[in-house]
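Structure below is my_file-v3.cif: mmCIF, C-alpha atoms, pLDDT in the B column; chains and numbers go by the auth columns.
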data_target
#
loop_
_atom_site.group_PDB
_atom_site.id
_atom_site.type_symbol
_atom_site.label_atom_id
_atom_site.label_comp_id
_atom_site.label_asym_id
_atom_site.label_seq_id
_atom_site.Cartn_x
_atom_site.Cartn_y
_atom_site.Cartn_z
_atom_site.B_iso_or_equiv
_atom_site.auth_seq_id
_atom_site.auth_asym_id
ATOM 1 C CA MET A 1 -7.493 13.419 -29.235 44.00 13 A
ATOM 2 C CA GLY A 2 -4.161 14.863 -30.408 48.00 14 A
ATOM 3 C CA GLU A 3 -3.288 18.466 -31.117 51.00 15 A
ATOM 4 C CA ILE A 4 -6.178 20.797 -31.950 51.00 16 A
ATOM 5 C CA ARG A 5 -5.886 22.172 -35.453 55.00 17 A
ATOM 6 C CA SER A 6 -6.583 25.896 -35.732 62.00 18 A
ATOM 7 C CA ILE A 7 -9.481 26.512 -38.125 69.00 19 A
ATOM 8 C CA ASP A 8 -10.983 29.943 -38.753 66.00 20 A
ATOM 9 C CA THR A 9 -14.188 30.718 -36.925 74.00 21 A
ATOM 10 C CA ASN A 10 -17.197 32.052 -38.823 79.00 22 A
ATOM 11 C CA GLU A 11 -15.927 30.866 -42.207 87.00 23 A
ATOM 12 C CA TYR A 12 -17.321 27.904 -44.074 90.00 24 A
ATOM 13 C CA HIS A 13 -15.176 24.808 -44.448 93.00 25 A
ATOM 14 C CA HIS A 14 -15.538 21.617 -46.431 94.00 26 A
ATOM 15 C CA ILE A 15 -14.903 18.882 -43.872 95.00 27 A
ATOM 16 C CA TYR A 16 -14.365 15.349 -45.109 96.00 28 A
ATOM 17 C CA SER A 17 -12.952 12.044 -43.975 97.00 29 A
ATOM 18 C CA ARG A 18 -12.974 8.461 -45.181 96.00 30 A
ATOM 19 C CA GLY A 19 -12.361 4.974 -43.878 97.00 31 A
ATOM 20 C CA VAL A 20 -8.821 3.678 -43.675 97.00 32 A
ATOM 21 C CA ASN A 21 -7.993 1.868 -46.934 95.00 33 A
ATOM 22 C CA LYS A 22 -11.366 3.175 -48.181 93.00 34 A
ATOM 23 C CA CYS A 23 -13.146 0.652 -45.938 96.00 35 A
ATOM 24 C CA ASN A 24 -16.781 1.174 -45.028 96.00 36 A
ATOM 25 C CA ILE A 25 -17.395 3.239 -41.910 97.00 37 A
ATOM 26 C CA PHE A 26 -21.167 2.653 -41.962 95.00 38 A
ATOM 27 C CA LEU A 27 -22.514 -0.864 -42.402 95.00 39 A
ATOM 28 C CA ASN A 28 -26.191 -0.307 -41.644 93.00 40 A
ATOM 29 C CA ASN A 29 -28.809 2.281 -40.751 89.00 41 A
ATOM 30 C CA THR A 30 -27.938 2.122 -37.042 92.00 42 A
ATOM 31 C CA ASP A 31 -24.356 3.170 -37.778 94.00 43 A
ATOM 32 C CA TYR A 32 -25.447 6.249 -39.750 91.00 44 A
ATOM 33 C CA LEU A 33 -27.865 7.222 -36.982 91.00 45 A
ATOM 34 C CA LYS A 34 -25.222 6.707 -34.276 93.00 46 A
ATOM 35 C CA PHE A 35 -22.778 8.989 -36.101 94.00 47 A
ATOM 36 C CA MET A 36 -25.340 11.755 -36.527 92.00 48 A
ATOM 37 C CA SER A 37 -26.578 11.407 -32.944 92.00 49 A
ATOM 38 C CA LEU A 38 -22.994 11.970 -31.763 94.00 50 A
ATOM 39 C CA ILE A 39 -22.683 15.094 -33.924 93.00 51 A
ATOM 40 C CA GLU A 40 -26.025 16.389 -32.651 91.00 52 A
ATOM 41 C CA LYS A 41 -25.464 15.555 -28.983 93.00 53 A
ATOM 42 C CA ILE A 42 -21.985 17.055 -28.767 94.00 54 A
ATOM 43 C CA ASN A 43 -22.798 20.118 -30.865 93.00 55 A
ATOM 44 C CA ARG A 44 -26.067 20.811 -29.057 92.00 56 A
ATOM 45 C CA LYS A 45 -24.223 20.795 -25.732 94.00 57 A
ATOM 46 C CA GLU A 46 -21.154 22.768 -26.829 93.00 58 A
ATOM 47 C CA GLY A 47 -22.381 24.916 -29.747 93.00 59 A
ATOM 48 C CA PHE A 48 -19.190 24.318 -31.716 95.00 60 A
ATOM 49 C CA VAL A 49 -20.460 24.643 -35.291 93.00 61 A
ATOM 50 C CA SER A 50 -23.230 25.573 -37.663 90.00 62 A
ATOM 51 C CA ILE A 51 -23.818 22.907 -40.313 89.00 63 A
ATOM 52 C CA PHE A 52 -25.118 23.996 -43.697 87.00 64 A
ATOM 53 C CA CYS A 53 -25.300 20.548 -45.293 84.00 65 A
ATOM 54 C CA TYR A 54 -23.800 17.097 -45.173 88.00 66 A
ATOM 55 C CA THR A 55 -23.886 13.693 -46.771 89.00 67 A
ATOM 56 C CA LEU A 56 -22.772 10.400 -45.283 90.00 68 A
ATOM 57 C CA MET A 57 -21.622 7.692 -47.684 90.00 69 A
ATOM 58 C CA SER A 58 -20.743 4.119 -46.771 91.00 70 A
ATOM 59 C CA ASN A 59 -17.003 4.844 -46.649 94.00 71 A
ATOM 60 C CA HIS A 60 -16.723 8.630 -46.286 95.00 72 A
ATOM 61 C CA ILE A 61 -18.389 11.809 -45.031 95.00 73 A
ATOM 62 C CA HIS A 62 -18.766 15.376 -46.298 94.00 74 A
ATOM 63 C CA PHE A 63 -19.867 18.402 -44.263 94.00 75 A
ATOM 64 C CA LEU A 64 -20.137 22.073 -45.114 91.00 76 A
ATOM 65 C CA MET A 65 -19.889 23.854 -41.773 92.00 77 A
ATOM 66 C CA LYS A 66 -18.502 26.865 -39.998 91.00 78 A
ATOM 67 C CA GLY A 67 -17.095 27.121 -36.509 93.00 79 A
ATOM 68 C CA LEU A 68 -19.032 29.213 -34.017 93.00 80 A
ATOM 69 C CA VAL A 69 -16.307 29.183 -31.379 93.00 81 A
ATOM 70 C CA GLU A 70 -12.543 29.196 -31.662 91.00 82 A
ATOM 71 C CA ASN A 71 -11.445 25.861 -33.152 91.00 83 A
ATOM 72 C CA GLY A 72 -15.054 24.643 -32.997 93.00 84 A
ATOM 73 C CA ILE A 73 -14.724 22.399 -36.051 94.00 85 A
ATOM 74 C CA SER A 74 -11.593 20.726 -34.696 93.00 86 A
ATOM 75 C CA LEU A 75 -13.153 20.333 -31.263 94.00 87 A
ATOM 76 C CA LEU A 76 -16.309 18.745 -32.673 95.00 88 A
ATOM 77 C CA MET A 77 -14.591 16.383 -35.094 95.00 89 A
ATOM 78 C CA GLY A 78 -11.895 15.578 -32.514 94.00 90 A
ATOM 79 C CA ARG A 79 -14.626 14.293 -30.205 96.00 91 A
ATOM 80 C CA VAL A 80 -16.976 12.661 -32.695 97.00 92 A
ATOM 81 C CA LEU A 81 -14.567 10.648 -34.853 97.00 93 A
ATOM 82 C CA PRO A 82 -12.771 8.769 -32.032 97.00 94 A
ATOM 83 C CA VAL A 83 -16.008 8.056 -30.146 97.00 95 A
ATOM 84 C CA TYR A 84 -17.640 6.745 -33.311 97.00 96 A
ATOM 85 C CA ALA A 85 -14.541 4.630 -34.107 98.00 97 A
ATOM 86 C CA ARG A 86 -14.700 3.037 -30.636 98.00 98 A
ATOM 87 C CA TYR A 87 -18.411 2.317 -31.117 97.00 99 A
ATOM 88 C CA PHE A 88 -17.765 0.790 -34.564 98.00 100 A
ATOM 89 C CA ASN A 89 -14.775 -1.296 -33.406 98.00 101 A
ATOM 90 C CA ARG A 90 -16.676 -2.718 -30.440 98.00 102 A
ATOM 91 C CA LYS A 91 -19.800 -3.439 -32.449 97.00 103 A
ATOM 92 C CA TYR A 92 -17.957 -5.228 -35.247 97.00 104 A
ATOM 93 C CA LYS A 93 -15.236 -6.804 -33.071 97.00 105 A
ATOM 94 C CA ARG A 94 -12.401 -5.081 -34.870 96.00 106 A
ATOM 95 C CA SER A 95 -9.390 -3.065 -33.753 96.00 107 A
ATOM 96 C CA GLY A 96 -7.240 -0.311 -35.144 95.00 108 A
ATOM 97 C CA SER A 97 -7.964 2.907 -36.969 96.00 109 A
ATOM 98 C CA LEU A 98 -11.308 3.373 -38.645 98.00 110 A
ATOM 99 C CA PHE A 99 -10.610 6.725 -40.313 97.00 111 A
ATOM 100 C CA ALA A 100 -7.711 7.434 -42.677 96.00 112 A
ATOM 101 C CA GLY A 101 -5.878 9.953 -40.537 92.00 113 A
ATOM 102 C CA ARG A 102 -7.314 13.219 -39.320 92.00 114 A
ATOM 103 C CA PHE A 103 -10.315 14.773 -40.988 94.00 115 A
ATOM 104 C CA LYS A 104 -9.500 17.037 -43.914 94.00 116 A
ATOM 105 C CA ASN A 105 -10.717 20.573 -44.400 91.00 117 A
ATOM 106 C CA LYS A 106 -10.712 23.202 -47.107 92.00 118 A
ATOM 107 C CA ILE A 107 -11.778 26.754 -46.461 90.00 119 A
ATOM 108 C CA VAL A 108 -14.637 27.988 -48.629 89.00 120 A
ATOM 109 C CA ASP A 109 -13.245 31.341 -49.647 87.00 121 A
ATOM 110 C CA ASN A 110 -15.688 32.534 -52.312 83.00 122 A
ATOM 111 C CA ASP A 111 -19.292 32.202 -53.451 79.00 123 A
ATOM 112 C CA ASN A 112 -18.437 30.181 -56.557 79.00 124 A
ATOM 113 C CA TYR A 113 -16.616 27.577 -54.489 83.00 125 A
ATOM 114 C CA PHE A 114 -19.511 27.523 -51.986 83.00 126 A
ATOM 115 C CA GLU A 115 -22.012 26.836 -54.768 78.00 127 A
ATOM 116 C CA HIS A 116 -19.755 24.247 -56.406 79.00 128 A
ATOM 117 C CA LEU A 117 -19.252 22.497 -53.066 85.00 129 A
ATOM 118 C CA VAL A 118 -22.969 22.389 -52.281 82.00 130 A
ATOM 119 C CA GLY A 119 -23.529 20.788 -55.684 78.00 131 A
ATOM 120 C CA TYR A 120 -20.668 18.360 -55.094 81.00 132 A
ATOM 121 C CA ILE A 121 -22.029 17.272 -51.703 83.00 133 A
ATOM 122 C CA TRP A 122 -25.568 17.048 -53.098 76.00 134 A
ATOM 123 C CA ASN A 123 -24.403 14.923 -56.047 74.00 135 A
ATOM 124 C CA ASN A 124 -22.090 12.636 -54.083 79.00 136 A
ATOM 125 C CA PRO A 125 -24.698 9.876 -53.558 74.00 137 A
ATOM 126 C CA VAL A 126 -25.630 10.060 -57.231 68.00 138 A
ATOM 127 C CA LYS A 127 -21.987 9.873 -58.298 67.00 139 A
ATOM 128 C CA ILE A 128 -21.147 6.943 -56.003 63.00 140 A
ATOM 129 C CA ILE A 129 -24.335 4.871 -55.837 59.00 141 A
ATOM 130 C CA LYS A 130 -25.950 5.560 -59.208 58.00 142 A
ATOM 131 C CA PRO A 131 -23.141 6.813 -61.476 57.00 143 A
ATOM 132 C CA GLU A 132 -25.283 6.100 -64.532 57.00 144 A
ATOM 133 C CA TYR A 133 -27.584 8.922 -63.342 49.00 145 A
ATOM 134 C CA LEU A 134 -24.937 11.619 -63.296 49.00 146 A
ATOM 135 C CA SER A 135 -25.236 13.946 -66.248 49.00 147 A
ATOM 136 C CA LYS A 136 -21.995 15.278 -67.647 47.00 148 A
ATOM 137 C CA GLU A 137 -23.412 18.655 -68.628 44.00 149 A
ATOM 138 C CA LEU A 138 -21.463 21.503 -67.053 38.00 150 A
ATOM 139 C CA LEU A 139 -22.029 25.176 -67.731 38.00 151 A
ATOM 140 C CA ASN A 140 -19.954 27.864 -66.020 38.00 152 A
ATOM 141 C CA GLY A 141 -18.950 25.339 -63.347 41.00 153 A
ATOM 142 C CA GLN A 142 -22.556 24.502 -62.499 45.00 154 A
ATOM 143 C CA ILE A 143 -23.833 20.948 -62.462 48.00 155 A
ATOM 144 C CA PHE A 144 -27.275 20.375 -63.914 50.00 156 A
ATOM 145 C CA LEU A 145 -29.235 17.303 -62.866 54.00 157 A
ATOM 146 C CA THR A 146 -31.899 15.451 -64.765 58.00 158 A
ATOM 147 C CA GLN A 147 -35.196 14.989 -62.908 64.00 159 A
ATOM 148 C CA GLU A 148 -34.280 11.353 -62.177 63.00 160 A
ATOM 149 C CA GLU A 149 -30.904 12.374 -60.727 58.00 161 A
ATOM 150 C CA LYS A 150 -32.457 15.189 -58.725 62.00 162 A
ATOM 151 C CA SER A 151 -35.101 12.847 -57.303 65.00 163 A
ATOM 152 C CA PHE A 152 -32.487 10.264 -56.311 60.00 164 A
ATOM 153 C CA ALA A 153 -30.266 12.894 -54.668 60.00 165 A
ATOM 154 C CA LYS A 154 -33.190 14.520 -52.863 62.00 166 A
ATOM 155 C CA ASN A 155 -34.429 11.197 -51.495 63.00 167 A
ATOM 156 C CA TYR A 156 -31.025 9.847 -50.453 62.00 168 A
ATOM 157 C CA ARG A 157 -31.507 9.049 -46.786 64.00 169 A
ATOM 158 C CA TYR A 158 -28.193 9.977 -45.162 65.00 170 A
ATOM 159 C CA LYS A 159 -27.816 13.651 -45.964 64.00 171 A
ATOM 160 C CA TYR A 160 -29.117 17.006 -44.824 63.00 172 A
ATOM 161 C CA PHE A 161 -29.811 20.160 -46.779 59.00 173 A
ATOM 162 C CA PRO A 162 -31.993 23.084 -45.669 59.00 174 A
ATOM 163 C CA GLU A 163 -35.696 22.337 -46.040 58.00 175 A
ATOM 164 C CA ASN A 164 -36.155 24.824 -48.873 54.00 176 A
ATOM 165 C CA TYR A 165 -33.121 23.541 -50.793 53.00 177 A
ATOM 166 C CA ASN A 166 -34.049 21.669 -53.949 51.00 178 A
ATOM 167 C CA GLY A 167 -30.692 20.848 -55.487 49.00 179 A
ATOM 168 C CA PRO A 168 -27.610 22.673 -56.692 47.00 180 A
ATOM 169 C CA TYR A 169 -27.976 26.425 -57.123 41.00 181 A
ATOM 170 C CA TYR A 170 -31.538 26.624 -55.848 36.00 182 A
ATOM 171 C CA LYS A 171 -32.637 30.067 -54.676 36.00 183 A
ATOM 172 C CA THR A 172 -35.567 30.911 -52.434 33.00 184 A
ATOM 173 C CA SER A 173 -38.316 33.187 -53.714 36.00 185 A
ATOM 174 C CA SER A 174 -36.746 36.075 -51.775 39.00 186 A
ATOM 175 C CA GLY A 175 -33.501 35.581 -53.708 41.00 187 A
ATOM 176 C CA GLN A 176 -31.644 34.359 -50.617 40.00 188 A
ATOM 177 C CA LYS A 177 -29.477 31.469 -51.700 42.00 189 A
ATOM 178 C CA PHE A 178 -28.868 29.530 -48.503 39.00 190 A
ATOM 179 C CA GLN A 179 -29.433 29.478 -44.771 36.00 191 A
ATOM 180 C CA ASP A 180 -27.545 27.689 -42.028 37.00 192 A
ATOM 181 C CA PHE A 181 -28.839 24.637 -40.206 35.00 193 A
ATOM 182 C CA ASP A 182 -28.123 24.621 -36.492 35.00 194 A
ATOM 183 C CA PHE A 183 -28.708 21.716 -34.161 31.00 195 A
#
Can you turn what I pasted into structure tokens?
Amino acid sequence: MGEIRSIDTNEYHHIYSRGVNKCNIFLNNTDYLKFMSLIEKINRKEGFVSIFCYTLMSNHIHFLMKGLVENGISLLMGRVLPVYARYFNRKYKRSGSLFAGRFKNKIVDNDNYFEHLVGYIWNNPVKIIKPEYLSKELLNGQIFLTQEEKSFAKNYRYKYFPENYNGPYYKTSSGQKFQDFDF
């Protein structure tokens, strides 16, 4: 597993990783489900993190999460990524690294960055799979989606957002912007 990277507890982080040489890390539905079952199983047992949202793309992953215990993010990712890589290598009769180095993280240090990041993660499937859907309209750093784009993003299968979340910058009727998702 290598050295544990110190990451602040109780602060949100953008966690991301991609396949070595941008290769696919998910080849079918079973692979996506295996990855998420590892996250869920390990986190349910250990209580390492709280996940706000995520999206899994064919060759990379994005999570918005915060550690609940000291170095929780590093502990979770340090267990999940190697186990998933072993599963993938055995299944597809390959060897060597699956992920391009260690996972990357950026601390989410203000509300504007949080909102931008949620929109970025939400839009990632649109940007990658259906780039013709992505509107270019930006206003004060906010991304506005057409109904077609919003529908595609909302129905993309390999992502999670809170149940009451309806796209970038959605607010609940109480005015509360977001809530955490815990396994």
Leaving out A:Phe100 and any residue of its chain fewer than 3 positions from it, which residues lie within 10 Å of it when counting only C-alpha atoms, given as an mmCIF file with C-alpha atoms, in the coordinates of the input?
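Final output, saved to selection06.cif:
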data_model
loop_
_atom_site.group_PDB
_atom_site.id
_atom_site.type_symbol
_atom_site.label_atom_id
_atom_site.label_comp_id
_atom_site.auth_asym_id
_atom_site.auth_seq_id
_atom_site.Cartn_x
_atom_site.Cartn_y
_atom_site.Cartn_z
ATOM 1 C CA ILE A 37 -17.395 3.239 -41.910
ATOM 2 C CA PHE A 38 -21.167 2.653 -41.962
ATOM 3 C CA LEU A 39 -22.514 -0.864 -42.402
ATOM 4 C CA ASP A 43 -24.356 3.170 -37.778
ATOM 5 C CA LYS A 46 -25.222 6.707 -34.276
ATOM 6 C CA PHE A 47 -22.778 8.989 -36.101
ATOM 7 C CA PRO A 94 -12.771 8.769 -32.032
ATOM 8 C CA VAL A 95 -16.008 8.056 -30.146
ATOM 9 C CA TYR A 96 -17.640 6.745 -33.311
ATOM 10 C CA ALA A 97 -14.541 4.630 -34.107
ATOM 11 C CA LYS A 103 -19.800 -3.439 -32.449
ATOM 12 C CA TYR A 104 -17.957 -5.228 -35.247
ATOM 13 C CA LYS A 105 -15.236 -6.804 -33.071
ATOM 14 C CA ARG A 106 -12.401 -5.081 -34.870
ATOM 15 C CA SER A 107 -9.390 -3.065 -33.753
ATOM 16 C CA LEU A 110 -11.308 3.373 -38.645
#
Shortest interatomic distance to A:Ile133 - which of A:Val120, A:Leu88, A:Cys35, A:Leu76, counting only C-alpha atoms:
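Among A:Val120, A:Leu88, A:Cys35, A:Leu76, it is A:Leu76 that comes nearest to A:Ile133.
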Given the file shown, enumerate the residues that the PyMOL selection byres ((chain A and resi 71) around 6) captures and present them as an NGL selection string.
:A and (30-31 or 35-37 or 69-70 or 72)
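Remark: for A:Glu23, the closest of the candidate residues A:Ile73, A:Leu68, A:Ile54, A:Ile119 is A:Ile119 (distances computed over only C-alpha atoms).
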Smallest atom-to-atom distance to A:Ile51: which of A:Leu87, A:Phe115, A:Val32, A:Leu80, using only C-alpha atoms?
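Nearest candidate to A:Ile51 out of A:Leu87, A:Phe115, A:Val32, A:Leu80: A:Leu87.
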If you measure from atom CA of A:Gly131 to atom CA of A:Ser62, what distance in Å do you get, rounded to one decimal?
18.6 Å
Which distance in Å separates atom CA of A:Phe126 and atom CA of A:Ile27, to one decimal?
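Atom-to-atom, atom CA of A:Phe126 and atom CA of A:Ile27 are spaced 12.7 Å apart.
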Taking all atoms listed in the file into account, name the residue in A:Leu45, A:Leu93, A:Ile85, A:Leu50 that is nearest to A:Ile63.
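Nearest candidate to A:Ile63 out of A:Leu45, A:Leu93, A:Ile85, A:Leu50: A:Ile85.
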Return the padded bounding box of stretch 27-39 of chain A as JSON: axis-aligned, built from all atoms listed in the file, 6 Å added on each side, with centre and edge lengths in Å to one decimal.
{"center_x": -15.3, "center_y": 9.0, "center_z": -45.0, "size_x": 26.5, "size_y": 31.7, "size_z": 18.3}
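Counting from atom CA of A:Lys34, the distance to atom CA of A:Ser86 is 22.1 Å.
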Which residues fall under the PyMOL selection byres ((chain A and resi 81) around 10) in this file, as a VMD selection string?
chain A and resid 19 to 22 58 to 61 78 to 80 82 to 85 87
Shortest interatomic distance to A:Tyr66 - which of A:Asn124, A:Val92, A:Arg114, A:His26, counting only C-alpha atoms:
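Nearest to A:Tyr66: A:His26.
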Restricting the calculation to only C-alpha atoms, which member of A:Phe64, A:His74, A:Lys53, A:Ser29 is positioned closest to A:Pro137?
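Nearest to A:Pro137: A:His74.
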When you get a chance, write out N, CA and C atoms for stretch 87-103 of chain A, as a PDB file, in the frame of the given file.
ATOM      1  N   LEU A  87     -12.658  20.881 -32.529  1.00 94.00           N
ATOM      2  CA  LEU A  87     -13.153  20.333 -31.263  1.00 94.00           C
ATOM      3  C   LEU A  87     -14.277  19.324 -31.492  1.00 94.00           C
ATOM      4  N   LEU A  88     -15.204  19.664 -32.391  1.00 95.00           N
ATOM      5  CA  LEU A  88     -16.309  18.745 -32.673  1.00 95.00           C
ATOM      6  C   LEU A  88     -15.804  17.453 -33.311  1.00 95.00           C
ATOM      7  N   MET A  89     -15.053  17.574 -34.385  1.00 95.00           N
ATOM      8  CA  MET A  89     -14.591  16.383 -35.094  1.00 95.00           C
ATOM      9  C   MET A  89     -13.619  15.573 -34.228  1.00 95.00           C
ATOM     10  N   GLY A  90     -12.830  16.251 -33.414  1.00 94.00           N
ATOM     11  CA  GLY A  90     -11.895  15.578 -32.514  1.00 94.00           C
ATOM     12  C   GLY A  90     -12.595  14.774 -31.428  1.00 94.00           C
ATOM     13  N   ARG A  91     -13.840  15.081 -31.157  1.00 96.00           N
ATOM     14  CA  ARG A  91     -14.626  14.293 -30.205  1.00 96.00           C
ATOM     15  C   ARG A  91     -15.444  13.223 -30.913  1.00 96.00           C
ATOM     16  N   VAL A  92     -16.057  13.580 -32.022  1.00 97.00           N
ATOM     17  CA  VAL A  92     -16.976  12.661 -32.695  1.00 97.00           C
ATOM     18  C   VAL A  92     -16.251  11.472 -33.332  1.00 97.00           C
ATOM     19  N   LEU A  93     -15.201  11.734 -34.100  1.00 97.00           N
ATOM     20  CA  LEU A  93     -14.567  10.648 -34.853  1.00 97.00           C
ATOM     21  C   LEU A  93     -14.003   9.541 -33.950  1.00 97.00           C
ATOM     22  N   PRO A  94     -13.276   9.858 -32.886  1.00 97.00           N
ATOM     23  CA  PRO A  94     -12.771   8.769 -32.032  1.00 97.00           C
ATOM     24  C   PRO A  94     -13.880   8.013 -31.285  1.00 97.00           C
ATOM     25  N   VAL A  95     -14.896   8.721 -30.846  1.00 97.00           N
ATOM     26  CA  VAL A  95     -16.008   8.056 -30.146  1.00 97.00           C
ATOM     27  C   VAL A  95     -16.731   7.124 -31.108  1.00 97.00           C
ATOM     28  N   TYR A  96     -16.977   7.590 -32.328  1.00 97.00           N
ATOM     29  CA  TYR A  96     -17.640   6.745 -33.311  1.00 97.00           C
ATOM     30  C   TYR A  96     -16.758   5.538 -33.649  1.00 97.00           C
ATOM     31  N   ALA A  97     -15.453   5.741 -33.793  1.00 98.00           N
ATOM     32  CA  ALA A  97     -14.541   4.630 -34.107  1.00 98.00           C
ATOM     33  C   ALA A  97     -14.575   3.576 -33.000  1.00 98.00           C
ATOM     34  N   ARG A  98     -14.607   4.004 -31.747  1.00 98.00           N
ATOM     35  CA  ARG A  98     -14.700   3.037 -30.636  1.00 98.00           C
ATOM     36  C   ARG A  98     -16.012   2.256 -30.715  1.00 98.00           C
ATOM     37  N   TYR A  99     -17.110   2.975 -30.959  1.00 97.00           N
ATOM     38  CA  TYR A  99     -18.411   2.317 -31.117  1.00 97.00           C
ATOM     39  C   TYR A  99     -18.339   1.274 -32.231  1.00 97.00           C
ATOM     40  N   PHE A 100     -17.826   1.661 -33.390  1.00 98.00           N
ATOM     41  CA  PHE A 100     -17.765   0.790 -34.564  1.00 98.00           C
ATOM     42  C   PHE A 100     -16.877  -0.421 -34.282  1.00 98.00           C
ATOM     43  N   ASN A 101     -15.704  -0.199 -33.693  1.00 98.00           N
ATOM     44  CA  ASN A 101     -14.775  -1.296 -33.406  1.00 98.00           C
ATOM     45  C   ASN A 101     -15.366  -2.293 -32.421  1.00 98.00           C
ATOM     46  N   ARG A 102     -16.037  -1.803 -31.397  1.00 98.00           N
ATOM     47  CA  ARG A 102     -16.676  -2.718 -30.440  1.00 98.00           C
ATOM     48  C   ARG A 102     -17.800  -3.501 -31.105  1.00 98.00           C
ATOM     49  N   LYS A 103     -18.639  -2.803 -31.830  1.00 97.00           N
ATOM     50  CA  LYS A 103     -19.800  -3.439 -32.449  1.00 97.00           C
ATOM     51  C   LYS A 103     -19.389  -4.541 -33.423  1.00 97.00           C
TER      52      LYS A 103
END
